[in-house]
Each structure stands twice: as structure tokens, then as C-alpha cells.
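**Student:** After the C-alpha cells below, expect a handful of questions from me.
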Amino acid sequence: MRWALVKVCLAVTTMVVVAFAVPLGLVVKEMARDRAFSNAEREAAAVAPALSITTDRDKLERVVASAGADSGMAVHLPATDGGPPLDLGRQRAADRDIQAVRRLGRASTTSVAGGSTLLQPVALGSGDIAVVEVYVPESEVTNGVGTAWAVLAAVGLALIVGSVAVADRLGVRMVRPARRLVKGAHDLGEGKLGARVPEDGPTELRLAAVAFNSMADQVVQLLANERELAADLSHRLRTPLTVLRLNAASLGGGPAAEQTRAAVAQLEREVDTIIRTAREAKPQTAALGPGAGCDAAEVVRERMEFWSALAEDEGRKWRVAGVERPVRLPVARADLAAALDALLGNVFRHTAEGTAFAVDVHNGEDAVIVLISDAGPGIPDPDAAMARGRGSGNAGSTGLGLDIVRRLAESTGGDVRIGSSVLGGTEVRIWFQLDGRRPVRGRVRRRRTGKPVLTGLDH
């Protein structure tokens with residue numbers, strides 16, 4: 001593209017320079033010729049007054065000498081009073097040309113050796129016609145023409161060189177962004193997901209770079225979605241695995257029981273491996289529109305029916321509050337169930353048998369808070385627990401469960417907080433914003449009974 005642009009510009013500029021320089025050069029040559037013959041006409045006109053007054057040879061010789069006879073002027077007088085014709089100065093023109101001018105009575109130019117002559121007729125007092133001959137050498141006709149042509153050639157060459165340079169710079173400005181775009185496409189095709197293209201250059205290439213960068217971002221997002229889908233689905237398997245592990249623990253002794261427990265442990269390790277492998281950032285779950293979503297109270301009751309059976313088997317006391325009436329949330333039912341299973345599964349997984357837990361739902365005008373509390377040992381480092389891919393410090397934790405909960409809350413404009421519960425262990429507070437605004441950082445105060453109460457919220 002670059003050289004094609006240079007060639008086109010070179011051809012166009014050359015044609016323009018030739019189209020203007022050649023006629024201009026011919027005009028300069030013609031102007032030099034006109035200037036030379038105009039000077040010759042002025043010299044001839046200087047002799048005309050003397051010829052109209054006298055035809056005396058001596059006087060005319062002095063007039064011709066003063067007018068420049070030595071430089072090529074001659075005067076041709078016709079024969080008068082029976083005398084012979086009189087020629088003053090050096091004659092260069094042919095006799096027939098002089099006679100033709102005398103007969104026709106108008107000036108003319110003729111070519112002679114080394115240049116040209118101007119033959120100017122002048123009327124004498126006697127009525128006869130004299131002819132003044134002025135020699136114009138070739139050097140005077142072409143005086144200054146060579147210099148003018150050289151200047152025109154230099155200007156034309158400068159224009160051509162300048163146009164080629166400008167075309168080359170324009171070509172570079174077009175080619176360089178195109179090459180960067182090609183390189184970025186190759187890098188992205190080779191798996192370098194961070195490949196991006198600077199958005200500069202001509203408008204069309206800048207728009208192409210913007211489109212390429214947007215496409216690359218979408219590719220990265222799609223790959224992240226795929227990886228997170230595998231991680232999320234794998235994490236959801238941990239809920240039935242927890243049940244299997246607890247049931248396997250109650251099988252007692254024997255080879256079959258040991259094999260079952262070993263198989264469940266192996267399956268847990270494989271699921272954990274899948275979760276840790278798919279550790280790229282997961283895009284935020286999209287919040288649903290008005291009127292969509294699920295009944296949080298119904299989902300909590302349903303999941304507690306599942307977990308209460310395991311709680312009774314392990315001797316755990318549990319409590320549910322705030323689910324007596326519908327509580328609408330702008331999230332998908334399956335996502336809310338997965339978040340509750342992740343947190344309740346952590347309670348069963350990381351606390352000893354017999355540890356009590358509670359689930360409280362607080363419904364307000366613009367937000368819903370779900371609290372999951374336990375009487376376990378607590379989490380020593382809540383920030384590390386919330387970090388992506390890092391557990392709470394207990395063995396076997398991937399940290400993805402809390403991350404799933406956090407992203408679900410943030411999809412509505414809410415957040416997740418970890419603190420100490422009134423039961424003495426960990427309390428996970430999930431704040432769901434109902435109107436999609438930034439989360440309202442409400443303060444949680446507690447009654448002496450131990451139940452959390454939020455200002456502006458109802459059970």
C-alpha cells in the first residue's frame with residue numbers, strides 16, 4: 001500500500017509539473033524573442049527621424065554610428081536623382097528581402113547566419129522608401145531562457161520530491177496501524193489474550209482498532225465465562241458430596257464402608273482440582289429486571305428442609321427467621337439456592353458436629369439482608385476468605401463459595417460482609433439491593449435477645 005501510494009503520487013505530480021512547466025517554458029522563450037525584437041524596433045525607430053529630414057551620406061553615417069551601426073544596424077536608401085542606391089553599414093539580409101519590404105511597406109524579419117534581422121521601412125521626404133536593417137543575434141533571442149528553464153526544472157523536481165515524501169509519510173501513517181492490527185490479530189490467534197491494538201491512525205483504521213479491541217475483550221470474557229462455568233458447576237457438586245461424606249461417615253466399619261469413604265474423598269479431591277484449575281475471573285452475574293427473580297423466603301425454606309435432615313443427623317441446632325412471608329429478590333432462583341448451599345455447606349464442612357447455625361432474612365423497602373450464622377470457631381482472616389481462590393484457612397477450602405455469593409450480591413448492587421455472630425462463630429451477611437443502586441451501608445445493631453435488627457428493615 002505504501003509503495004502504491006508513492007507511485008500514484010509520483011505519476012500524478014509528474015503529469016501536473018509537465019503540463020504546467022512545458023507551456024510556461026515556451027512562453028518564456030517567446031517572451032525573450034519578443035524582447036529582443038522590441039529592442040531592435042526601438043533602434044530602427046531612432047534612425048527614422050533623420051531619414052525623413054535628410055539623405056546626406058555623411059549625416060546619415062553619423063546617425064547610424066550613434067544609433068549602433070557597429071553592433072549590426074544598416075540603412076538601405078533607394079536610388080535618387082539618377083544616382084545609385086546607398087547602403088550604410090553591414091548588410092546581412094538578402095536583396096530580395098529588402099526589395100520586398102520596400103515594395104510592401106511593412107516590417108518583416110528574416111533569418112540570417114548567426115541570428116535574425118529586422119527590416120523596418122521608413123518613408124523619406126521624397127516619397128521613396130528606405131529600409132533600416134537591425135541585426136538580432138541568436139544569443140540575444142535566447143537571453144535568460146536557459147536560466148528560466150533551469151529554475152522551472154528545479155521547481156518541478158522539488159515539487160515531485162516533496163509530493164513523494166508526503167505520500168511516503170501518508171503511506172507510513174496508514175501502513176503502520178494496519179501492521180499493528182495484523183500483529184494483534186496474530187497474537188490473539190496464538191493465545192495471547194492480552195493483545196490489544198493502539199487506537200490511532202486514519203479514522204477507518206482507528207475504528208478497526210476499536211472493533212478489534214472490543215472483540216478481544218469479548219473473547220477474553222467468553223473464555224472467562226467458560227472457565228467459571230466449569231468452576232461454578234464443580235463447586236455446586238460439593239453440596240451432594242457433603243451429604244455423601246456425612247452419610248459415609250455413618251456407615252460404621254467394614255471394607256465396603258472404607259471403600260465408600262475413600263471414593264467420596266477421592267471425588268472431593270477431583271472436584272477441588274477442577275475448581276482450582278478454573279481460577280480466572282468470573283464476570284458479574286447479571287441482575288434481573290423488575291418483576292423477575294425469585295422468592296427468597298421460599299428458597300430458604302426449601303434449602304433448609306434439605307440441610308435440616310443432615311443437621312439432625314449431626315445433632316446440630318438450627319433456626320430460621322424472616323421467611324414467614326414472600327421476599328422478592330432480583331436474582332435467579334438457582335443462583336440463590338447455589339449461594340445458600342455454598343454457605344451452609346461451609347458450615348457443615350468447617351465446623352464440628354453439634355455446632356448450631358441460623359439463617360435470618362430481613363426484608364426492607366430497598367434491600368434484603370440474609371444472615372448465615374454459626375457457633376463454630378469463626379474465621380480469623382475475613383479478607384483472605386473473601387479473596388478469589390483463597391479459602392478461610394481450613395483444609396480443603398477453595399474460597400470459590402464465598403466468591404459465588406459475593407458476585408451474586410454485587411449483581412444487584414449489594415455486597416457481602418464477614419464478621420462475628422451472636423452465636424459465637426462466623427456471620428456472613430449478604431446484602432441484596434432491590435433497586436440496583438449502590439449498596440446502602442446500614443449499621444447492624446442487636447437486641448439483647450441476640451437477634452440482629454436493621455434500621456428500616458422488617459422481618
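Going by the C-alpha cells order, chains are called A, B, ..., each with residues numbered from 1, while ligands are numbered from 1 in the order shown.
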With range 7-30 of chain A as the partner and 8 Å as the cut-off, tabulate the residues of range 96-175 of chain A that qualify, each row holding the nearest pair of atoms and their distance in Å to one decimal, using only C-alpha atoms, sorted by chain and rising number, as JSON lines.
**Tutor:**
```
{"residue": "A:Thr142", "atom": "CA", "partner": "A:Lys29", "partner_atom": "CA", "distance": 6.8}
{"residue": "A:Val145", "atom": "CA", "partner": "A:Lys29", "partner_atom": "CA", "distance": 5.7}
{"residue": "A:Ala148", "atom": "CA", "partner": "A:Val28", "partner_atom": "CA", "distance": 7.2}
{"residue": "A:Trp149", "atom": "CA", "partner": "A:Gly25", "partner_atom": "CA", "distance": 6.0}
{"residue": "A:Leu152", "atom": "CA", "partner": "A:Ala21", "partner_atom": "CA", "distance": 6.4}
{"residue": "A:Ala153", "atom": "CA", "partner": "A:Ala21", "partner_atom": "CA", "distance": 7.6}
{"residue": "A:Gly156", "atom": "CA", "partner": "A:Val17", "partner_atom": "CA", "distance": 5.6}
{"residue": "A:Leu159", "atom": "CA", "partner": "A:Thr13", "partner_atom": "CA", "distance": 7.4}
{"residue": "A:Ile160", "atom": "CA", "partner": "A:Thr13", "partner_atom": "CA", "distance": 5.8}
{"residue": "A:Ser163", "atom": "CA", "partner": "A:Cys9", "partner_atom": "CA", "distance": 6.6}
{"residue": "A:Val164", "atom": "CA", "partner": "A:Leu10", "partner_atom": "CA", "distance": 5.9}
{"residue": "A:Ala167", "atom": "CA", "partner": "A:Cys9", "partner_atom": "CA", "distance": 6.4}
```
**Student:** Keeping C-alpha atoms for every residue in the selection just given, could you write it to a file as an mmCIF file, in the first residue's frame?
**Tutor:**
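Written out: selection04.cif:
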```cif
data_model
loop_
_atom_site.group_PDB
_atom_site.id
_atom_site.type_symbol
_atom_site.label_atom_id
_atom_site.label_comp_id
_atom_site.auth_asym_id
_atom_site.auth_seq_id
_atom_site.Cartn_x
_atom_site.Cartn_y
_atom_site.Cartn_z
ATOM 1 C CA THR A 142 17.624 33.217 -26.136
ATOM 2 C CA VAL A 145 15.766 31.370 -21.458
ATOM 3 C CA ALA A 148 14.357 30.329 -16.618
ATOM 4 C CA TRP A 149 14.127 26.736 -17.838
ATOM 5 C CA LEU A 152 11.346 25.721 -13.784
ATOM 6 C CA ALA A 153 13.023 22.313 -13.814
ATOM 7 C CA GLY A 156 9.224 20.902 -10.805
ATOM 8 C CA LEU A 159 7.506 19.514 -6.249
ATOM 9 C CA ILE A 160 7.919 15.889 -7.317
ATOM 10 C CA SER A 163 4.978 15.043 -3.134
ATOM 11 C CA VAL A 164 6.784 11.694 -2.948
ATOM 12 C CA ALA A 167 2.957 10.375 0.022
#
```
**Student:** CA of Tyr135 in chain A and CA of Asp56 in chain A, how far apart in Å?
**Tutor:**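 That distance, rounded to one decimal, is 23.1 Å.
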**Student:** Can you list, as a ChimeraX atom specification, every residue of range 350-435 of chain A that DSSP puts in helix (DSSP H, G or I)?
**Tutor:** /A:350,382-386,400-410
**Student:** I need the chosen residues saved as a CSV table (one decimal), in the first residue's frame, with all heavy atoms.
**Tutor:**
```csv
chain,number,residue,atom,x,y,z
A,350,HIS,N,-16.8,-27.1,57.8
A,350,HIS,CA,-15.7,-26.5,58.6
A,350,HIS,C,-16.0,-26.3,60.1
A,350,HIS,O,-15.3,-25.6,60.8
A,350,HIS,CB,-15.3,-25.1,58.0
A,350,HIS,CG,-14.9,-25.2,56.6
A,350,HIS,ND1,-13.8,-26.0,56.2
A,350,HIS,CD2,-15.4,-24.7,55.4
A,350,HIS,CE1,-13.7,-25.9,54.8
A,350,HIS,NE2,-14.6,-25.1,54.4
A,382,PRO,N,-11.1,-12.6,57.6
A,382,PRO,CA,-12.2,-12.5,56.7
A,382,PRO,C,-11.7,-12.0,55.3
A,382,PRO,O,-12.3,-12.4,54.3
A,382,PRO,CB,-13.1,-11.5,57.4
A,382,PRO,CG,-12.8,-11.6,58.8
A,382,PRO,CD,-11.3,-11.9,58.9
A,383,ASP,N,-10.8,-11.1,55.3
A,383,ASP,CA,-10.3,-10.6,54.0
A,383,ASP,C,-9.7,-11.7,53.1
A,383,ASP,O,-10.0,-11.8,51.9
A,383,ASP,CB,-9.3,-9.5,54.2
A,383,ASP,CG,-9.9,-8.3,54.8
A,383,ASP,OD1,-11.1,-8.1,54.7
A,383,ASP,OD2,-9.1,-7.5,55.5
A,384,ALA,N,-9.0,-12.6,53.7
A,384,ALA,CA,-8.4,-13.7,53.0
A,384,ALA,C,-9.5,-14.7,52.5
A,384,ALA,O,-9.4,-15.2,51.4
A,384,ALA,CB,-7.4,-14.5,53.8
A,385,ALA,N,-10.5,-14.8,53.3
A,385,ALA,CA,-11.6,-15.7,53.0
A,385,ALA,C,-12.4,-15.2,51.8
A,385,ALA,O,-12.9,-15.9,50.9
A,385,ALA,CB,-12.6,-15.9,54.2
A,386,MET,N,-12.5,-13.8,51.7
A,386,MET,CA,-13.2,-13.3,50.5
A,386,MET,C,-12.3,-13.2,49.3
A,386,MET,O,-12.9,-12.9,48.2
A,386,MET,CB,-13.7,-11.8,50.9
A,386,MET,CG,-14.8,-11.8,51.9
A,386,MET,SD,-16.2,-12.7,51.4
A,386,MET,CE,-16.7,-11.8,49.9
A,400,LEU,N,-14.1,-20.5,46.5
A,400,LEU,CA,-15.0,-20.1,45.5
A,400,LEU,C,-16.4,-19.9,45.9
A,400,LEU,O,-17.2,-19.2,45.4
A,400,LEU,CB,-14.9,-21.2,44.4
A,400,LEU,CG,-15.7,-20.9,43.1
A,400,LEU,CD1,-15.2,-19.6,42.5
A,400,LEU,CD2,-15.5,-22.0,42.1
A,401,GLY,N,-16.8,-20.6,47.0
A,401,GLY,CA,-18.1,-20.5,47.5
A,401,GLY,C,-18.5,-19.1,47.9
A,401,GLY,O,-19.5,-18.5,47.5
A,402,LEU,N,-17.6,-18.4,48.7
A,402,LEU,CA,-17.8,-17.1,49.1
A,402,LEU,C,-17.8,-16.1,47.9
A,402,LEU,O,-18.5,-15.1,47.9
A,402,LEU,CB,-16.8,-16.6,50.1
A,402,LEU,CG,-16.9,-17.2,51.5
A,402,LEU,CD1,-15.8,-16.9,52.4
A,402,LEU,CD2,-18.2,-16.7,52.2
A,403,ASP,N,-16.9,-16.5,46.9
A,403,ASP,CA,-16.8,-15.6,45.7
A,403,ASP,C,-18.1,-15.7,44.9
A,403,ASP,O,-18.6,-14.7,44.4
A,403,ASP,CB,-15.7,-16.1,44.9
A,403,ASP,CG,-15.4,-15.1,43.7
A,403,ASP,OD1,-15.0,-14.0,43.9
A,403,ASP,OD2,-15.7,-15.6,42.5
A,404,ILE,N,-18.8,-16.9,44.9
A,404,ILE,CA,-20.1,-17.0,44.2
A,404,ILE,C,-21.1,-16.2,44.9
A,404,ILE,O,-21.9,-15.5,44.3
A,404,ILE,CB,-20.5,-18.5,44.2
A,404,ILE,CG1,-19.6,-19.3,43.3
A,404,ILE,CG2,-21.9,-18.6,43.7
A,404,ILE,CD1,-19.8,-20.8,43.3
A,405,VAL,N,-21.1,-16.2,46.2
A,405,VAL,CA,-22.1,-15.4,47.0
A,405,VAL,C,-21.8,-13.9,46.8
A,405,VAL,O,-22.7,-13.1,46.6
A,405,VAL,CB,-22.0,-15.7,48.5
A,405,VAL,CG1,-22.9,-14.9,49.3
A,405,VAL,CG2,-22.3,-17.2,48.7
A,406,ARG,N,-20.6,-13.5,46.8
A,406,ARG,CA,-20.2,-12.1,46.6
A,406,ARG,C,-20.7,-11.6,45.3
A,406,ARG,O,-21.3,-10.5,45.1
A,406,ARG,CB,-18.7,-11.9,46.8
A,406,ARG,CG,-18.3,-10.4,46.5
A,406,ARG,CD,-16.8,-10.3,46.7
A,406,ARG,NE,-16.0,-11.1,45.8
A,406,ARG,CZ,-15.8,-10.7,44.5
A,406,ARG,NH1,-16.2,-9.5,44.1
A,406,ARG,NH2,-15.1,-11.5,43.7
A,407,ARG,N,-20.4,-12.3,44.2
A,407,ARG,CA,-20.8,-11.9,42.9
A,407,ARG,C,-22.3,-11.8,42.7
A,407,ARG,O,-22.8,-11.0,42.0
A,407,ARG,CB,-20.1,-12.8,41.8
A,407,ARG,CG,-18.6,-12.6,41.8
A,407,ARG,CD,-18.0,-13.5,40.7
A,407,ARG,NE,-16.6,-13.3,40.7
A,407,ARG,CZ,-16.0,-12.4,40.0
A,407,ARG,NH1,-16.6,-11.5,39.3
A,407,ARG,NH2,-14.6,-12.3,40.1
A,408,LEU,N,-23.0,-12.8,43.3
A,408,LEU,CA,-24.5,-12.7,43.2
A,408,LEU,C,-25.0,-11.5,43.9
A,408,LEU,O,-25.9,-10.8,43.4
A,408,LEU,CB,-25.0,-14.0,43.9
A,408,LEU,CG,-26.6,-14.1,43.9
A,408,LEU,CD1,-27.1,-14.2,42.5
A,408,LEU,CD2,-27.0,-15.3,44.8
A,409,ALA,N,-24.4,-11.1,45.1
A,409,ALA,CA,-24.9,-9.9,45.8
A,409,ALA,C,-24.5,-8.6,45.0
A,409,ALA,O,-25.3,-7.7,44.8
A,409,ALA,CB,-24.3,-9.8,47.2
A,410,GLU,N,-23.3,-8.6,44.4
A,410,GLU,CA,-22.8,-7.4,43.7
A,410,GLU,C,-23.6,-7.2,42.4
A,410,GLU,O,-23.7,-6.1,41.8
A,410,GLU,CB,-21.4,-7.5,43.4
A,410,GLU,CG,-20.5,-7.3,44.6
A,410,GLU,CD,-19.0,-7.5,44.3
A,410,GLU,OE1,-18.7,-7.9,43.2
A,410,GLU,OE2,-18.2,-7.2,45.2
```
**Student:** Tell me, as a list in words, which residues lie within 10 Å of Gly354 in chain A, counting only C-alpha atoms; anything in the same chain fewer than 2 positions away does not count.
**Tutor:**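 In the requested form, the answer reads Ala311, Glu312, Asp313, Glu314, Gly315, Arg316, Lys317, Trp318, Phe348, Thr351, Ala352, Ala356, Phe357, Ala375 and Gly376 of chain A.
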**Student:** What does the distance from CA of Leu340 in chain A to CA of Leu241 in chain A come to in Å, to one decimal?
**Tutor:**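 Here the two named atoms are 15.4 Å from each other.
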**Student:** Please indicate the distance in Å from CA of Leu118 in chain A to CA of Ala130 in chain A, rounded to one decimal place.
**Tutor:**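 If I compute the distance from CA of Leu118 in chain A to CA of Ala130 in chain A, I get 13.4 Å.
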